[in-house]
Structure formats: structure tokens, C-alpha cells
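Undergrad: Enclosed is the structure file coords-v9.txt (compact mmCIF, C-alpha atoms).
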```
# COMPACT_ATOMS: atom_id res chain seq x y z
CA MET A 190 -4.88 -8.36 39.71
CA ARG A 191 -8.01 -8.30 37.55
CA HIS A 192 -9.89 -11.52 36.78
CA ASN A 193 -12.22 -10.31 34.03
CA GLY A 194 -13.35 -7.24 32.10
CA LEU A 195 -16.12 -6.33 34.52
CA GLU A 196 -13.63 -5.49 37.25
CA LYS A 197 -12.20 -1.99 37.67
CA PRO A 198 -10.58 0.01 36.26
CA TYR A 199 -12.98 0.58 33.38
CA ASN A 200 -12.08 2.57 30.27
CA TRP A 201 -14.00 4.78 27.87
CA MET A 202 -13.79 2.24 25.04
CA GLN A 203 -15.48 -0.44 27.14
CA VAL A 204 -18.19 1.99 28.27
CA SER A 205 -18.82 3.12 24.69
CA THR A 206 -19.25 -0.53 23.61
CA TRP A 207 -22.16 -1.01 26.01
CA ILE A 208 -23.69 2.31 24.97
CA ILE A 209 -23.37 1.93 21.19
CA LEU A 210 -24.83 -1.60 20.92
CA PRO A 211 -28.18 -0.86 22.63
CA THR A 212 -28.33 2.51 20.87
CA LEU A 213 -28.15 0.76 17.49
CA LEU A 214 -30.96 -1.59 18.50
CA LEU A 215 -33.13 1.27 19.78
CA GLN A 216 -32.52 3.26 16.61
CA PHE A 217 -33.66 0.33 14.48
CA PHE A 218 -36.86 -0.32 16.41
CA PHE A 219 -37.86 3.34 16.71
CA PHE A 220 -36.66 4.83 13.41
CA ALA A 221 -36.26 1.98 10.91
CA SER A 222 -38.81 -0.71 11.69
CA PRO A 223 -41.82 1.69 11.65
CA LEU A 224 -40.94 2.72 8.07
CA LEU A 225 -41.16 -0.86 6.79
CA PRO A 226 -44.40 -2.51 5.61
CA LEU A 227 -45.71 -4.93 8.24
CA ALA A 228 -44.80 -7.98 6.13
CA ALA A 229 -41.15 -6.88 6.10
CA SER A 230 -40.99 -5.18 9.50
CA ILE A 231 -41.55 -8.32 11.56
CA PRO A 232 -38.94 -10.63 9.96
CA CYS A 233 -36.37 -7.84 9.62
CA SER A 234 -36.81 -6.89 13.26
CA ILE A 235 -36.42 -10.52 14.34
CA VAL A 236 -33.19 -10.95 12.33
CA VAL A 237 -31.64 -7.69 13.56
CA PHE A 238 -32.65 -8.36 17.18
CA PHE A 239 -31.31 -11.95 17.01
CA PHE A 240 -27.87 -10.90 15.79
CA GLY A 241 -27.80 -7.96 18.22
CA ALA A 242 -28.68 -10.18 21.17
CA LEU A 243 -26.18 -12.82 20.04
CA THR A 244 -23.45 -10.18 19.82
CA ALA A 245 -24.23 -8.94 23.34
CA TYR A 246 -24.24 -12.50 24.71
CA LYS A 247 -20.91 -13.43 23.10
CA ALA A 248 -19.33 -10.14 24.17
CA ILE A 249 -20.45 -10.60 27.77
CA LYS A 250 -19.16 -14.18 27.84
CA THR A 251 -15.82 -13.01 26.44
CA THR A 252 -15.65 -10.22 29.02
CA ILE A 253 -16.41 -12.34 32.10
CA THR A 254 -14.15 -15.28 31.14
CA ASP A 255 -10.84 -15.32 33.01
CA PRO A 256 -8.08 -16.33 30.55
CA ALA A 257 -5.34 -16.27 33.20
CA ASP A 258 -2.63 -18.91 33.23
CA SER A 259 -3.65 -22.00 35.22
CA HIS A 260 -0.56 -21.87 37.44
CA SER A 261 -1.08 -18.16 38.06
CA GLN A 262 -4.67 -18.87 39.07
CA LYS A 263 -3.48 -21.51 41.53
CA LYS A 264 -1.21 -18.98 43.16
CA THR A 265 -4.08 -16.54 43.70
CA GLN A 266 -5.86 -19.40 45.46
CA GLY A 267 -2.90 -19.84 47.81
CA ALA A 268 -1.00 -22.53 45.92
CA ASN A 269 2.17 -22.28 43.86
CA PHE A 270 3.77 -24.42 41.16
CA THR A 271 7.15 -25.18 42.69
CA ASP A 272 10.29 -26.45 40.98
CA GLU A 273 9.73 -29.85 42.63
CA GLU A 274 6.24 -30.14 41.17
CA LYS A 275 7.60 -29.02 37.82
CA ALA A 276 10.17 -31.81 37.87
CA GLU A 277 7.57 -34.39 38.89
CA SER A 278 5.05 -33.42 36.22
CA GLY A 279 7.61 -33.00 33.44
CA GLU A 280 5.69 -29.96 32.24
CA GLU A 281 7.60 -27.20 30.48
CA VAL A 282 7.19 -23.90 32.32
CA LYS A 283 8.92 -20.55 32.65
CA TYR A 284 9.19 -18.14 35.55
CA CYS A 285 7.30 -14.84 35.50
CA PHE A 286 9.03 -12.25 37.67
CA ALA A 287 5.87 -10.09 37.79
CA CYS A 288 3.59 -12.90 39.01
CA GLU A 289 6.46 -14.47 40.98
CA THR A 290 5.51 -17.99 39.95
CA ASN A 291 6.08 -20.57 37.23
CA VAL A 292 3.68 -20.29 34.30
CA ASN A 293 3.07 -22.14 31.04
CA THR A 294 5.54 -21.45 28.24
CA ASN A 295 2.83 -19.88 26.03
CA ALA A 296 1.76 -17.46 28.76
CA VAL A 297 2.45 -13.72 28.47
CA HIS A 298 2.16 -11.18 31.27
CA CYS A 299 -0.36 -8.40 30.57
CA ARG A 300 0.60 -5.17 32.27
CA THR A 301 -2.99 -3.88 32.12
CA CYS A 302 -4.60 -6.91 33.78
CA ARG A 303 -1.45 -7.56 35.83
CA ARG A 304 -1.52 -11.30 35.31
CA CYS A 305 -0.14 -13.94 32.95
CA ILE A 306 -2.48 -15.00 30.16
CA GLU A 307 -2.24 -18.53 28.81
CA GLY A 308 -2.25 -18.58 25.00
CA TYR A 309 -2.13 -14.78 24.98
CA ASP A 310 -3.52 -13.15 21.84
CA HIS A 311 -4.05 -9.48 22.78
CA HIS A 312 -5.65 -7.16 25.31
CA CYS A 313 -9.01 -5.92 23.99
CA PRO A 314 -9.82 -2.43 25.33
CA TRP A 315 -13.36 -2.61 23.88
CA LEU A 316 -14.14 -5.50 26.25
CA ASN A 317 -11.57 -4.47 28.86
CA ASN A 318 -10.26 -8.01 29.06
CA CYS A 319 -7.38 -10.07 27.76
CA ILE A 320 -8.03 -12.48 24.93
CA GLY A 321 -6.30 -15.82 25.43
CA GLY A 322 -6.80 -19.53 25.01
CA GLU A 323 -9.85 -19.61 27.29
CA ASN A 324 -11.89 -16.93 25.52
CA TYR A 325 -10.38 -16.53 22.05
CA GLN A 326 -13.12 -18.61 20.38
CA LEU A 327 -15.75 -16.49 22.13
CA PHE A 328 -14.00 -13.34 20.94
CA PHE A 329 -13.93 -14.64 17.37
CA GLU A 330 -17.64 -15.52 17.54
CA THR A 331 -18.31 -12.02 18.85
CA LEU A 332 -16.67 -10.57 15.74
CA VAL A 333 -18.74 -12.84 13.47
CA SER A 334 -22.05 -12.03 15.17
CA LEU A 335 -21.25 -8.31 15.28
CA SER A 336 -20.45 -8.22 11.56
CA LEU A 337 -23.75 -10.02 10.80
CA PHE A 338 -25.64 -7.60 13.03
CA LEU A 339 -24.16 -4.53 11.35
CA PHE A 340 -24.65 -6.01 7.88
CA SER A 341 -28.31 -6.89 8.47
CA GLN A 342 -29.09 -3.48 9.97
CA SER A 343 -27.29 -1.53 7.25
CA ALA A 344 -28.99 -3.63 4.53
CA VAL A 345 -32.42 -2.77 5.92
CA LEU A 346 -31.49 0.91 6.21
CA ILE A 347 -30.32 0.99 2.57
CA GLY A 348 -33.67 -0.44 1.50
CA ILE A 349 -35.58 2.14 3.55
CA ILE A 350 -33.54 5.07 2.24
CA ALA A 351 -33.90 3.92 -1.38
CA ALA A 352 -37.66 3.40 -0.98
CA PHE A 353 -38.04 6.79 0.71
CA TYR A 354 -36.67 8.67 -2.32
CA ALA A 355 -38.25 6.36 -4.92
CA GLY A 356 -41.10 8.71 -5.86
CA TRP A 357 -39.19 12.00 -5.83
CA ASP A 358 -38.49 12.02 -9.59
CA ASP A 359 -42.17 12.24 -10.53
CA GLY A 360 -43.19 14.32 -7.50
CA GLN A 361 -45.12 11.50 -5.85
CA THR A 362 -44.97 10.45 -2.22
CA SER A 363 -43.75 6.88 -1.77
CA SER A 364 -45.33 4.58 0.79
CA THR A 365 -42.11 4.70 2.82
CA GLU A 366 -42.13 8.49 2.84
CA GLN A 367 -45.78 8.44 3.88
CA ARG A 368 -44.96 6.18 6.81
CA ALA A 369 -42.19 8.62 7.74
CA ILE A 370 -44.72 11.45 7.68
CA ASP A 371 -47.07 9.44 9.89
CA TRP A 372 -44.22 8.38 12.22
CA PHE A 373 -45.66 8.81 15.75
CA GLY A 374 -47.75 11.64 14.32
CA ALA A 375 -44.71 13.92 14.24
CA ASN A 376 -44.99 14.86 10.55
CA GLN A 377 -41.17 15.17 10.33
CA PRO A 378 -40.15 12.81 7.51
CA ASN A 379 -36.81 14.54 6.86
CA VAL A 380 -35.78 14.18 10.51
CA VAL A 381 -36.73 10.50 10.54
CA ILE A 382 -34.88 9.68 7.33
CA GLY A 383 -31.95 11.83 8.52
CA PHE A 384 -31.56 9.60 11.57
CA ASN A 385 -31.57 6.53 9.33
CA LEU A 386 -28.99 8.08 7.00
CA GLY A 387 -26.71 8.93 9.91
CA PHE A 388 -26.90 5.47 11.45
CA TRP A 389 -26.45 3.81 8.06
CA ALA A 390 -23.20 5.76 7.62
CA PHE A 391 -22.09 4.69 11.11
CA ASP A 392 -22.98 1.05 10.39
CA THR A 393 -21.05 1.11 7.12
CA ILE A 394 -17.88 2.48 8.72
CA ALA A 395 -18.14 0.11 11.68
CA GLU A 396 -18.78 -2.86 9.38
CA ALA A 397 -15.68 -2.05 7.32
CA LEU A 398 -13.51 -1.93 10.45
CA ILE A 399 -14.99 -5.11 11.95
CA LEU A 400 -14.61 -7.02 8.68
CA GLN A 401 -10.98 -5.93 8.45
CA LEU A 402 -10.39 -7.27 11.97
CA LEU A 403 -12.35 -10.45 11.22
CA PHE A 404 -10.36 -11.23 8.08
CA PHE A 405 -7.14 -10.53 9.98
CA HIS A 406 -8.07 -13.14 12.59
CA LEU A 407 -9.16 -15.58 9.89
CA SER A 408 -5.67 -15.22 8.43
CA LEU A 409 -4.08 -15.77 11.86
CA ARG A 410 -6.18 -18.89 12.47
CA LYS A 411 -5.11 -20.28 9.10
CA LYS A 412 -1.45 -19.68 10.00
CA GLY A 413 -1.90 -21.04 13.53
CA MET A 414 -0.64 -17.78 15.07
CA THR A 415 -1.82 -15.41 17.76
CA THR A 416 -1.91 -11.65 17.37
CA TYR A 417 0.98 -11.38 19.82
CA GLN A 418 3.11 -13.84 17.83
CA PHE A 419 2.27 -12.00 14.60
CA ILE A 420 3.35 -8.64 16.04
CA VAL A 421 6.56 -10.08 17.50
CA LYS A 422 7.39 -11.72 14.18
CA ASP A 423 6.51 -8.57 12.23
CA ASN A 424 8.65 -6.41 14.52
CA GLU A 425 11.54 -8.84 14.15
CA LYS A 426 11.17 -8.71 10.38
CA LYS A 427 11.23 -4.92 10.45
CA ARG A 428 14.34 -4.92 12.65
CA MET A 429 16.12 -7.27 10.27
CA GLU A 430 15.13 -5.12 7.27
CA SER A 431 16.36 -2.04 9.10
CA ARG A 432 19.70 -3.70 9.84
CA LYS A 433 19.95 -4.79 6.20
CA GLN A 434 19.28 -1.24 4.99
CA MET A 435 21.88 0.16 7.39
CA ASP A 436 24.41 -2.43 6.22
CA THR A 437 23.69 -1.63 2.56
CA LYS A 438 24.05 2.09 3.27
CA ARG A 439 27.39 1.52 5.02
CA ARG A 440 28.69 -0.66 2.20
CA ARG A 441 27.60 1.91 -0.39
CA ALA A 442 29.46 4.66 1.45
CA ASP A 443 32.58 2.49 1.70
CA HIS A 444 32.53 1.61 -2.00
CA MET A 445 31.76 5.19 -3.00
CA LYS A 446 34.81 6.31 -1.03
CA ARG A 447 36.93 3.72 -2.84
CA GLU A 448 35.60 4.74 -6.30
CA ILE A 449 36.35 8.40 -5.52
CA GLU A 450 39.91 7.55 -4.46
CA GLU A 451 40.40 5.50 -7.63
CA GLY A 452 38.77 8.19 -9.82
CA ASN A 453 36.25 5.71 -11.28
CA ILE A 454 33.40 7.93 -12.48
CA PHE A 455 31.36 5.02 -13.89
CA GLY A 456 31.57 3.14 -10.61
CA ARG A 457 30.35 6.22 -8.75
CA MET A 458 27.43 6.62 -11.18
CA ALA A 459 26.45 2.96 -10.78
CA LEU A 460 26.49 3.26 -6.98
CA THR A 461 24.48 6.50 -7.09
CA VAL A 462 21.80 5.28 -9.52
CA GLY A 463 21.61 1.88 -7.82
CA GLY A 464 20.60 3.57 -4.58
CA TRP A 465 17.56 5.18 -6.19
CA LYS A 466 14.14 3.67 -5.51
CA GLY A 467 13.15 1.15 -8.17
CA CYS A 468 16.73 0.69 -9.42
CA GLY A 469 17.65 -2.24 -7.20
CA CYS A 470 18.11 -4.58 -10.16
CA ILE A 471 21.14 -2.55 -11.33
CA ASP A 472 22.45 -1.76 -7.86
CA PRO A 473 26.02 -3.14 -7.63
CA ILE A 474 25.65 -3.41 -3.85
CA THR A 475 22.58 -5.66 -3.79
CA ASN A 476 23.28 -7.70 -6.93
CA GLY A 477 26.74 -8.70 -5.74
CA SER A 478 28.72 -7.14 -8.60
CA VAL A 479 31.05 -5.23 -6.25
CA ASP A 480 34.02 -6.68 -4.44
CA ASP A 481 33.34 -6.95 -0.70
CA THR A 482 36.48 -8.93 0.08
CA SER A 483 38.21 -5.89 1.50
CA SER A 484 37.32 -2.55 2.98
CA PRO A 485 38.68 0.78 1.67
CA ASP A 486 41.60 0.60 4.10
CA GLY A 487 42.60 -2.83 2.72
CA SER A 488 41.54 -4.89 5.75
CA MET A 489 39.26 -7.91 5.56
CA PRO A 490 35.80 -7.31 7.06
CA ASP A 491 34.70 -10.02 9.48
CA ALA A 492 31.20 -10.72 8.18
CA SER A 493 30.76 -13.70 10.50
CA ILE A 494 31.00 -11.45 13.53
CA ASN A 495 28.28 -9.21 12.18
CA ARG A 496 26.01 -12.20 11.49
CA ASP A 497 26.64 -13.63 14.95
CA VAL A 498 25.82 -10.29 16.55
CA ILE A 499 22.60 -9.94 14.59
CA GLY A 500 21.58 -13.53 15.28
CA SER A 501 22.25 -13.35 18.99
CA SER A 502 20.53 -9.97 19.21
CA SER A 503 17.40 -11.35 17.55
CA LEU A 504 17.36 -14.40 19.81
CA ASP A 505 17.95 -12.33 22.93
CA SER A 506 15.16 -9.89 22.04
CA TRP A 507 12.74 -12.79 21.44
CA ASN A 508 13.65 -14.53 24.72
CA TYR A 509 13.52 -11.25 26.61
CA MET A 510 9.98 -10.51 25.46
CA LEU A 511 8.79 -14.02 26.29
CA LEU A 512 10.51 -14.24 29.68
CA GLN A 513 9.52 -10.75 30.76
CA GLY A 514 6.03 -11.22 29.35
CA SER A 515 5.73 -7.93 27.52
CA ALA A 516 2.09 -7.71 26.44
CA VAL A 517 0.80 -6.12 23.24
CA HIS A 518 -2.26 -3.94 23.71
CA GLY A 519 -4.82 -3.37 20.95
```
Transcribe the structure of this file into C-alpha cells.

TA:
Amino acid sequence: MRHNGLEKPYNWMQVSTWIILPTLLLQFFFFASPLLPLAASIPCSIVVFFFGALTAYKAIKTTITDPADSHSQKKTQGANFTDEEKAESGEEVKYCFACETNVNTNAVHCRTCRRCIEGYDHHCPWLNNCIGGENYQLFFETLVSLSLFLFSQSAVLIGIIAAFYAGWDDGQTSSTEQRAIDWFGANQPNVVIGFNLGFWAFDTIAEALILQLLFFHLSLRKKGMTTYQFIVKDNEKKRMESRKQMDTKRRRADHMKREIEEGNIFGRMALTVGGWKGCGCIDPITNGSVDDTSSPDGSMPDASINRDVIGSSSLDSWNYMLLQGSAVHG
């Protein structure tokens, strides 16, 4: 059982996180800051360093925080939440067969960390730790600070690149290009600006991905959902849509068979065209214009049985995932 993201096993995504962040800071101070005029270099360096340091601090705090379920933590300390204690406290719990103990109802067992996480949101491979109730706010603040860090660095790099090429139209050397020429006495302005171009492209791509993730979590916070609950709900929605499509396909085949037996060419055409994409408004299956009171063999279909099966299947799948504690990784 792992207690935080600094415990083994490590993964390549976690290692890359702690390589990329300092690399971005080093790139800024060695390749970007020297190309700025002194009046701009100092404040820009302070802003970039502040957001970079804040990102590292928040990420470390998120990584070392143990979000495990409180009852699961007690068991690792030698105690256990028995059925008698459950009855005395009146607290709603469920039993985790993996942890072999009672846990809170909002806990989910993570197969990577091998423990139940209270208020489980997701397992973050970049920090190698689960995100739950104890460290979700820290994780969210990490996303905010990281997006600000990438934005501030990319904004400075855009300014440097634009200033570098400012005098090329009239054949003059801009002050930024001159500072690139004088950079550590190397006289390699194209190499210096090339590094800045490359890291600006990296920052832009990374910023787009982080912002997408940030806005996703803003949406979840507004809805009062976790990532795990969103994925479970989305999967359930997809299963219901799939069942609906299969049912529509079956009904279309049944009615097509009936129209063929009755020699109704117009009915066959309506069923065929209605099945085309974008023609749902004229589909006799979905708009209820066909008679579903009997099947082609004349028997009455028991729709209630089908609904009961679907309903119980959905409920069973939901309870199974919660009781077994299947974790979503991402």
C-alpha cells in the first residue's frame, strides 16, 4: 500500500514532471531573460520565478498528501472499523473487499495505490498520487499556478521573438538581436532565438492542454461532481444510448420484415430513409408513427420486461463499481 506519490513505484510521467518544470525555469533565465532590457528583465524574471516556484510547491504538497480513506488509514495503524462501531456511530459505510475493512460510502479503491481514497476524483500519473478529498483543492491550485506560469513565460517569449525580428525588414539589427549576438559572448543569435522559439512552442501546447483540463475541473466543481462520478455517469449514458440504438435497429428490422410481407413499398421506403443520418425527424420508428403493439408473428412484445432488465442492469453496474471500488486512472 502506497501512502503518497513519493513512494515507489515511480513512473515515467512523474519523473518527466520534475524534469520539465526546472528545465523551463532554466531555459527562461539562461535564454530569455538575458535578451530583455534590464528594466523588463527583472520584473519578468520575478513573475515567472514566482509562478514556477508556486507550481512546484503546490505540486509537491499534492504529491505528499495522503488522501486515503480515514477508516482505511486506521486499519494500517492496527485498528479496524467494526460492525459494532458502525452501529454505535450511525455512520454510513460500505465494505471494501480489497482493503478488507469498512470504508466511507464515497471512497473508491485505487488499484494503482492499492488503497481506498475518500472522495476519489482520479489517479494522477503526473504526480503519481491519487486525487481525493484531502488533496483535490491542492491539485486544482496546482493547475491554476501552472497555467499562470506557462502563460507568463510564453508571453515573455512572444515579446522577445517579435522584438528580435523587428528590424529585419529594413536590414537593421534590433536591440534584442544585438543582445542575442552578445549572449555570453557566443555570437550565435540564431541558436539563442531558436531555443526560445522551441520552448515557446512547447509552452503554447502545454498551456492549451492545461487550460482544457482546468476548464474541465471548473465545470465539475460547478456541477458538484468528481472526475470519477463524471466518467461513471458518461459511461452509463453511452450504455443507455447503445441499448436504445440496438432496440431501434431491432424494431426497424421487425417492421421492415412486416412491410415486405405485406408488400408495402412506401412503408419500406420510409423505414429505409428514416434510418439515414439526419433523417430522424421523418423516421417512423423514432417518431412513433409505426404500430408497436404487436411483433411480426402477431404476439405482444413485453416492453415492461425490457425496461426492468435495463433498469436493473444499470443499477447493478453502478453498485458493482462502487462496492468493488473500480478506480479510473487518468

Undergrad: Could you list, as a ChimeraX atom specification, every residue within 12 Å of Tyr246 in chain A, counting all atoms listed in the file and ignoring same-chain residues fewer than 6 positions away?

TA: /A:207,210,239-240,252-253,327-328,330-332,334-335

Undergrad: Report, in Å with one decimal, the straight-line distance from CA of Leu213 in chain A to CA of Lys197 in chain A.

TA: 25.9 Å

Undergrad: Check the smallest atom-to-atom distance from each of A:Gly383, A:Asn295, A:Leu337, A:Gly194 to Val236 in chain A using only C-alpha atoms, then report the winner.

TA: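 Of the candidates, the smallest distance to Val236 in chain A is held by A:Leu337.
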
Undergrad: So which one's closest to Phe218 in chain A, A:Cys233, A:Ala287, A:Ala296, A:Leu243? Using all atoms listed in the file, please.

TA: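 Among the listed residues, A:Cys233 lies closest to Phe218 in chain A.
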
Undergrad: Skip range 365-377 of chain A itself and residues of its chain fewer than 2 positions away, then list as a PDB file with C-alpha atoms, in the frame of the given file all residues within 7 Å of it, counting only C-alpha atoms.

TA:
```pdb
ATOM      1  CA  LEU A 224     -40.940   2.720   8.070  1.00  0.00           C
ATOM      2  CA  LEU A 225     -41.160  -0.860   6.790  1.00  0.00           C
ATOM      3  CA  ALA A 352     -37.660   3.400  -0.980  1.00  0.00           C
ATOM      4  CA  PHE A 353     -38.040   6.790   0.710  1.00  0.00           C
ATOM      5  CA  THR A 362     -44.970  10.450  -2.220  1.00  0.00           C
ATOM      6  CA  SER A 363     -43.750   6.880  -1.770  1.00  0.00           C
ATOM      7  CA  ASN A 379     -36.810  14.540   6.860  1.00  0.00           C
ATOM      8  CA  VAL A 380     -35.780  14.180  10.510  1.00  0.00           C
ATOM      9  CA  VAL A 381     -36.730  10.500  10.540  1.00  0.00           C
TER      10      VAL A 381
END
```

Undergrad: Quick one, how far is CA of Phe419 in chain A from CA of Val282 in chain A?

TA: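 A separation of 21.9 Å between them.
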
Undergrad: So which residues touch range 392-403 of chain A within 10 Å, counting all atoms listed in the file, skipping near sequence neighbours fewer than 4 positions away, as a VMD selection string?

TA: chain A and resid 213 329 to 333 335 to 344 346 386 to 388 407 to 409

Undergrad: For range 304-319 of chain A, find every residue with an atom within 9 Å (counting only C-alpha atoms), except residues of its own chain fewer than 2 positions away, and show them as a PyMOL selection string.

TA: chain A and resi 190-196+198-206+248-249+251-259+261+285+287-288+292-302+321-325+414-418+514+516-519

Undergrad: Distance CA of Glu451 in chain A-CA of Thr475 in chain A, one decimal place?

TA: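 A separation of 21.4 Å between them.
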
Undergrad: Which residue is closest to Leu215 in chain A? Choose from A:Phe384, A:Tyr284, A:Ala228, A:Met458 and count only C-alpha atoms.

TA: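 Of A:Phe384, A:Tyr284, A:Ala228, A:Met458, the one nearest Leu215 in chain A is A:Phe384, counting only C-alpha atoms.
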
Undergrad: Which residue is closest to Ser364 in chain A? Choose from A:Cys468, A:Pro223, A:Ile209, A:Phe455 and count only C-alpha atoms.

TA: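 Looking at the shortest contact to Ser364 in chain A, the residue is A:Pro223.
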
Undergrad: Given the choices A:Ala221, A:Ile471, A:Ile231, A:Thr437, which gets closest to Trp389 in chain A if the distance is worked out from all atoms listed in the file?

TA: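 Smallest distance to Trp389 in chain A is found for A:Ala221.
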
Undergrad: For Gln216 in chain A, which of A:Asn385, A:Asn476, A:Thr461, A:Asn453 is the closest residue, counting all atoms listed in the file?

TA: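 Between A:Asn385, A:Asn476, A:Thr461, A:Asn453, the residue approaching Gln216 in chain A most closely is A:Asn385.
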